[in-house]
Structure formats: C-alpha cells, structure tokens
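Participant: Attaching a single structure in structure tokens format; questions to follow.
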Protein chains: 2
Amino acid sequence: MAYELYYWPSIQGRGEFVRLALEEAGADYVDVARVRGTGVLTDFWEAEDVTTPPFAPPFLRHGKKLIGQTANILHYLGERHGLSPRNDAGRLWTSQLQLTIGDFVVEIHDTHHPIGSGLYYEDQRKEARRRAADFRDTRATKFLAYFERALDRNGPYLAGRKVTHADLSLFQVVEGLRHAFPMMMRRLERRTPLTVALHDRVAQRPRIAAYLASDRRIAFNRMGIFRHYEELDA
Amino acid sequence: MAYELYYWPSIQGRGEFVRLALEEAGADYVDVARVRGTGVLTDFWEAEDVTTPPFAPPFLRHGKKLIGQTANILHYLGERHGLSPRNDAGRLWTSQLQLTIGDFVVEIHDTHHPIGSGLYYEDQRKEARRRAADFRDTRATKFLAYFERALDRNGPYLAGRKVTHADLSLFQVVEGLRHAFPMMMRRLERRTPLTVALHDRVAQRPRIAAYLASDRRIAFNRMGIFRHYEELDA
C-alpha cells in the first residue's frame, strides 16, 4: 500500500525530511498536494471523523493510520524500512538526534521569522537581523559542534555503521544552511569535517543522488525554512 | 534501579514534563542536580566515553541508557509505566501530541526570548512585546483550539480513557500559561472547556496532587519557560 505524504507542494520545508526518508527507502509514495492541490491539506484538520488530526503538515497517511509530526513520521518509517537501529538503545539515540535536528530547524526558521510565522519577513526585518546575528554567533556553532561530536563518538553515521533518518536530515540541514548562510558555513565547515563528510556520503547514496537530480526535488526558495537573505548572513 | 533525572535544579522548565511523568508513575527517581549541584549536568556533555551525549537538559539515566530530549524520555517512560497506549496507533498519536506540546512550549518560551536564549529578557524587551502580541492573538489560540479538538474526538483524556504523558504535559502547559498570561487565559479558557476539565482531572490524580503539594514542586519564577511579565499579557 502506497504512502500518502501531505505537505505544501511548493517548498522543501519540513516535508523534505520525510521525502528524503521515503526516497532512501525506495518506498512507493504519493506527494498528495503536488498532485491534487493544497485543499487536501486542510481537509484533515477539520474532518469530524479524524480522531488523530494533525496540527500542521507534514503528515503521512498509511492505510488507516494518519501520523503527524516530522520526528514521529520518521520514527514510523525508520522502523519499517531499516532507517533506524533494531535495538532499543539505538532507536532512542536516533530519535534523540532527530528531535535535536528539529529544534535546530525551528531556530533556523526563526532567523527570518523571529516575531511571527504568520507575518511577512519584511515586517520583521530589523528583528531578524538581531536574531540571525545571535544564531550565527552562538546557536549554529553549538548545534553543529554537537553533531560533529556525535559523529566523532559513533561515526561514520550518527548511530554507527548504518544510515538512519537522522543522517538524511542532517544532510538536509547542511544543504539548507549552505543555501541560506553561505558565508557562515564557509567558516563553520572548517571546524566540522565529519559533518561535511557525512553530508557528502548521504549525497552519494544512489537513491538520494537520483532524487536530488529529479524534478521531485523542489529548489530552495523564499517561502521555505532555508532562505537566503544577504543581510542575515555574515 | 532508580532513574536519574538531570535538569536545572531551580526551575520547572522542560524537566517538569519528565518530573510529572515520574511522579504519576510512582517511580523511584533522583533529581540529581538538586542533590549534587549543576556540575553534574555539564559532565555528560563533554565526557569522552559517552556515545549518546545530550544536547541540553533534561536527560535521564537509567542503567546503561542515557536518554535526551523531553519527548523521547517521555516515550521511554510511557512504555515502561503504562503512560502511553499499548497499541501502535495509540502510541504514535500520543507521541504526535507530545511533540506538538513541545512546539507550543518553544513558542511560549520565545515570547520572552524572541532574539536569543542566551540574552537577558531586558535586552529583547521591545521585540518580546511584538512577539507576545502575535502569540496571544494567533498562536496560543491555534494551539489550544487544537488540543480542545483532540479532546473532543478522543476524551476524556487526549488518547481516550487512560491518562498518558501527553495529558500530564498539557496540564503543565495550562498551569504555566495561567501563571504567565493570566489575562489571555481568562479569555481563552472560555472557549476550551474540555482542556480546562482535563487540567482539573490531572490535578486531582492522587500522586500528582501529592507532588504539587510537596516541596519537590518548584514554584514558577523568572528563570523558567513560563514567566509572568505584565507587559506581555493582555
């Protein structure tokens, strides 16, 4: 039975972490809103007969299951497709990493939306400059150093010898940060060689490479999480 | 074997979601930094022999396991102490709710820290006013309406007849919002009767009631997540 992924059709966003897992798994899936439009996204929020309504996309439908929250979806897919370790300790560690990546993604998003996600960037530009400066100087450094340490203790992948959904997500974060903060990343990547090597290793996995070269991969743009604004980079 | 909880000893913060689960479970645990000081928190971040280092507190030590990230810790405790459903679909739903509560908590925190978590409130007061206004007008309403809907579809608890860690956490969020945003909550609680009833039901559970009355429960203060600043409420 095919998976149905529900996410905004014009951005990578949080949906991209799920897309990467589905692609690496070689899973049969439909990116529903890209086929049928965004109306399908809100249908589930309001439908009376849905007992597990999602708060926001992405969410995944699989048979009778309707699963929301990126890390939760990846936990589900990870178990089904060998993208998380088989033992409890390994699975807990992989979830812990995925949740920490999720925290990082919120902070990346908030560099351009520090006041409100429903407001335009142009209406919070001044605050964004301050928040982005703090992000570059303290937060990005701290998060990347953390993943570097995790790789140092466990490598070549974050949980050892086999790729997990957390590795795919860290690849995506590096891609996104390079797009959004190229100057910052030139500086930080010098201190995080294991993370850069992980990024390259993921990019070279055959199914990921094929996906990245396909038109299923949406380009970065100024509607998603990873946005390039010159004034926010340094 | 006793659980060891590692969290800041002077605030409720994210550690409180774990404390409430341990208390409801009647589990044997030590709140380590309250006994031995905050030095124990940073020891784990740097120790060379720790293969699963936490990014930040709270983290839980249980035997050989060292588990980080609030939702991940609660998933672990939930399975062990009957604080999450036994079936897969119910467990996925409970995790989804817990993660959505986690997202809400980030937004609550950022009302007083919109620019940087390492800066003082006083240095981001102006931005905090703007962010808090957006939070009150759009985000708090949206999150609380979501949990109200979840209770309407599944009640009396979020996942049905039995209490889960997500219910304990939603109780804590209501407590915290009442402390931080009393004016806003007087308005919003009128529209969320099921959430208020859930809060009361959790507060009356014998172990939770005993905990709240004990000196193990730290009072709200201006170092934690839920802070009352008059200028941010309305």
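Simple scheme: letters A, B, ... for chains in structure tokens order, numbers from 1 for residues in each chain, numbers from 1 for ligands in the order shown.
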Need to verify the contact set: Asp88 (chain B), 12 Å, only C-alpha atoms, exclusion of same-chain residues closer than 2 positions in sequence. Can you return it as an MDAnalysis selection string?

Facilitator: (chainID A and resid 64:67 72 75:76 79) or (chainID B and resid 79 84:86 90:95)

Participant: Keeping C-alpha atoms, export the residues of the selection given above as an mmCIF file, in the first residue's frame.

Facilitator:
```
data_model
loop_
_atom_site.group_PDB
_atom_site.id
_atom_site.type_symbol
_atom_site.label_atom_id
_atom_site.label_comp_id
_atom_site.auth_asym_id
_atom_site.auth_seq_id
_atom_site.Cartn_x
_atom_site.Cartn_y
_atom_site.Cartn_z
ATOM 1 C CA LYS A 64 -5.875 3.609 8.407
ATOM 2 C CA LYS A 65 -3.048 5.435 10.136
ATOM 3 C CA LEU A 66 -2.767 9.210 9.966
ATOM 4 C CA ILE A 67 0.528 10.291 11.503
ATOM 5 C CA ASN A 72 7.106 10.849 14.682
ATOM 6 C CA HIS A 75 10.275 7.086 13.689
ATOM 7 C CA TYR A 76 7.478 5.136 11.983
ATOM 8 C CA GLU A 79 11.255 1.071 11.912
ATOM 9 C CA GLU B 79 6.056 2.466 27.551
ATOM 10 C CA SER B 84 1.120 5.581 26.717
ATOM 11 C CA PRO B 85 -1.296 3.278 24.864
ATOM 12 C CA ARG B 86 -0.274 -0.323 24.248
ATOM 13 C CA GLY B 90 -2.269 4.988 20.080
ATOM 14 C CA ARG B 91 1.419 5.362 20.801
ATOM 15 C CA LEU B 92 2.030 7.261 17.560
ATOM 16 C CA TRP B 93 -0.855 9.592 18.412
ATOM 17 C CA THR B 94 0.462 10.196 21.928
ATOM 18 C CA SER B 95 3.931 10.989 20.567
#
```

Participant: Chain B near chain A within 8 Å: what's each residue's closest atom pair and its distance in Å to one decimal, counting only C-alpha atoms, ordered by chain then ascending residue number, as a Markdown table?

Facilitator:
```
| residue | atom | partner | partner_atom | distance |
| --- | --- | --- | --- | --- |
| B:Glu48 | CA | A:Arg153 | CA | 7.8 |
| B:Val50 | CA | A:Arg153 | CA | 7.8 |
| B:Thr51 | CA | A:Arg153 | CA | 5.4 |
| B:Thr52 | CA | A:Trp93 | CA | 6.4 |
| B:Pro53 | CA | A:Ala150 | CA | 7.2 |
| B:Phe55 | CA | A:Tyr146 | CA | 6.7 |
| B:Lys65 | CA | A:Ala89 | CA | 6.8 |
| B:Ile67 | CA | A:Leu92 | CA | 6.9 |
| B:Gly68 | CA | A:Gln96 | CA | 5.8 |
| B:Gln69 | CA | A:Gln96 | CA | 5.6 |
| B:Asn72 | CA | A:Gln96 | CA | 6.3 |
| B:Ala89 | CA | A:Lys65 | CA | 6.8 |
| B:Leu92 | CA | A:Asn72 | CA | 6.9 |
| B:Trp93 | CA | A:Thr52 | CA | 6.4 |
| B:Ser95 | CA | A:Asn72 | CA | 6.7 |
| B:Gln96 | CA | A:Gln69 | CA | 5.6 |
| B:Leu99 | CA | A:Gln69 | CA | 6.8 |
| B:Thr100 | CA | A:Phe55 | CA | 7.3 |
| B:Pro114 | CA | A:Pro114 | CA | 5.8 |
| B:Ile115 | CA | A:Arg131 | CA | 4.5 |
| B:Gly116 | CA | A:Asp134 | CA | 6.1 |
| B:Glu127 | CA | A:Glu127 | CA | 6.9 |
| B:Arg130 | CA | A:Ile115 | CA | 6.4 |
| B:Arg131 | CA | A:Ile115 | CA | 4.5 |
| B:Asp134 | CA | A:Gly116 | CA | 6.1 |
| B:Phe135 | CA | A:Gly116 | CA | 7.6 |
| B:Phe143 | CA | A:Phe55 | CA | 8.0 |
| B:Tyr146 | CA | A:Phe55 | CA | 6.7 |
| B:Ala150 | CA | A:Thr52 | CA | 7.1 |
| B:Arg153 | CA | A:Thr51 | CA | 5.4 |
| B:Asn154 | CA | A:Thr51 | CA | 6.5 |
```

Participant: List the neighbours of Ser169 (chain B) out to 12 Å using only C-alpha atoms; skip same-chain residues closer than 4 positions along the sequence, and give me the result as an NGL selection string.

Facilitator: :B and (13-21 or 24 or 70-71 or 74 or 83 or 94-95 or 97-102 or 104-105 or 147 or 157-158 or 163-165 or 173-176 or 195 or 198-199 or 202-203 or 208)

Participant: Just give me the gap between CA of Ala140 (chain B) and CA of Pro58 (chain A) in Å, one decimal is fine.

Facilitator: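 If I compute the distance from CA of Ala140 (chain B) to CA of Pro58 (chain A), I get 20.3 Å.
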
Participant: For each of A:Tyr6, A:Phe181, A:Tyr121, A:Tyr29, take the minimum atom-to-atom distance to Asp233 (chain A), counting only C-alpha atoms, then give the residue where this is smallest.

Facilitator: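 Result for the nearest residue to Asp233 (chain A): A:Phe181.
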
Participant: If I take CA of Ala197 (chain B) and CA of Phe171 (chain B), how far is one from the other in Å, to one decimal?

Facilitator: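 Taking CA of Ala197 (chain B) and CA of Phe171 (chain B), their separation equals 9.7 Å.
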
Participant: Fewer than 3 positions away in the same chain doesn't count, so skip those; otherwise give me all residues within 9 Å of Arg227 (chain A), counting only C-alpha atoms, as number ranges by chain.

Facilitator: A: 109, 112, 176-177, 179-181, 220-224

Participant: Could you pull out the residues in region 40-149 of chain A that DSSP calls alpha helix (DSSP H) from the backbone, as number ranges by chain?

Facilitator: A: 40-46, 70-81, 88-112, 125-134, 140-149

Participant: Do you know which residues are at most 12 Å from Gly37 (chain B) counting only C-alpha atoms, after dropping those on the same chain fewer than 6 positions away, and could you put them as a list in words?

Facilitator: Tyr6, Tyr7, Trp8, Pro9, Ser10, Asp31 and Asp43 of chain B

Participant: Keeping N, CA and C atoms, export the residues of the selection given above as a CSV table (one decimal), in the first residue's frame.

Facilitator:
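Written out: again16.csv:
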```csv
chain,number,residue,atom,x,y,z
B,6,TYR,N,18.4,14.4,35.1
B,6,TYR,CA,19.3,15.5,35.1
B,6,TYR,C,18.6,16.8,34.5
B,7,TYR,N,18.5,17.8,35.4
B,7,TYR,CA,17.8,19.0,34.9
B,7,TYR,C,18.2,20.1,35.9
B,8,TRP,N,18.1,21.4,35.4
B,8,TRP,CA,18.3,22.5,36.2
B,8,TRP,C,17.5,22.5,37.5
B,9,PRO,N,18.2,22.7,38.6
B,9,PRO,CA,17.5,22.5,39.9
B,9,PRO,C,16.6,23.6,40.4
B,10,SER,N,16.7,24.8,39.7
B,10,SER,CA,15.9,25.9,40.3
B,10,SER,C,14.7,26.3,39.4
B,31,ASP,N,16.5,13.5,41.5
B,31,ASP,CA,16.6,14.7,40.7
B,31,ASP,C,18.0,15.2,40.9
B,43,ASP,N,28.9,17.6,33.0
B,43,ASP,CA,29.8,16.5,32.9
B,43,ASP,C,29.6,15.6,31.7
```

Participant: So which residues of region 67-197 of chain B fall under strand (DSSP E or B) by DSSP, listed as a ChimeraX atom specification?

Facilitator: /B:67-68,157,160

Participant: How would the residues just picked look written out with C-alpha atoms as a compact mmCIF listing (two decimals), in the first residue's frame?

Facilitator:
```txt
# COMPACT_ATOMS: atom_id res chain seq x y z
CA ILE B 67 18.36 9.42 27.05
CA GLY B 68 17.96 13.01 25.92
CA TYR B 157 -8.07 12.10 28.03
CA GLY B 160 -9.02 8.08 25.26
```

Participant: Report, in Å with one decimal, the straight-line distance from CA of Pro206 (chain B) to CA of Arg191 (chain B).

Facilitator: 27.7 Å

Participant: Pick out the closest residue to Glu4 (chain B) from this set: B:Arg136, B:Arg125, B:Arg34, B:Arg61. Count only C-alpha atoms.

Facilitator: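 Ranked by minimum distance to Glu4 (chain B), first place goes to B:Arg61.
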
Participant: With distances taken over only C-alpha atoms, which of A:Ile225, A:Ala25, A:Asp215, A:Ile11 is nearest to Ile108 (chain A)?

Facilitator: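 Nearest candidate to Ile108 (chain A) out of A:Ile225, A:Ala25, A:Asp215, A:Ile11: A:Ile225.
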
Participant: Restricting the calculation to only C-alpha atoms: of A:Ala213, A:Ala33, A:Leu170, A:Ala234, which residue gets closest to Leu194 (chain A)?

Facilitator: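 Comparing A:Ala213, A:Ala33, A:Leu170, A:Ala234 against Leu194 (chain A), the winner is A:Leu170.
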
Participant: If we count only C-alpha atoms, what is near Leu188 (chain A) at a cut-off of 9 Å, once residues fewer than 3 positions away on the same chain are taken out, given as an MDAnalysis selection string?

Facilitator: chainID A and resid 140:141 144 183:185 191:192
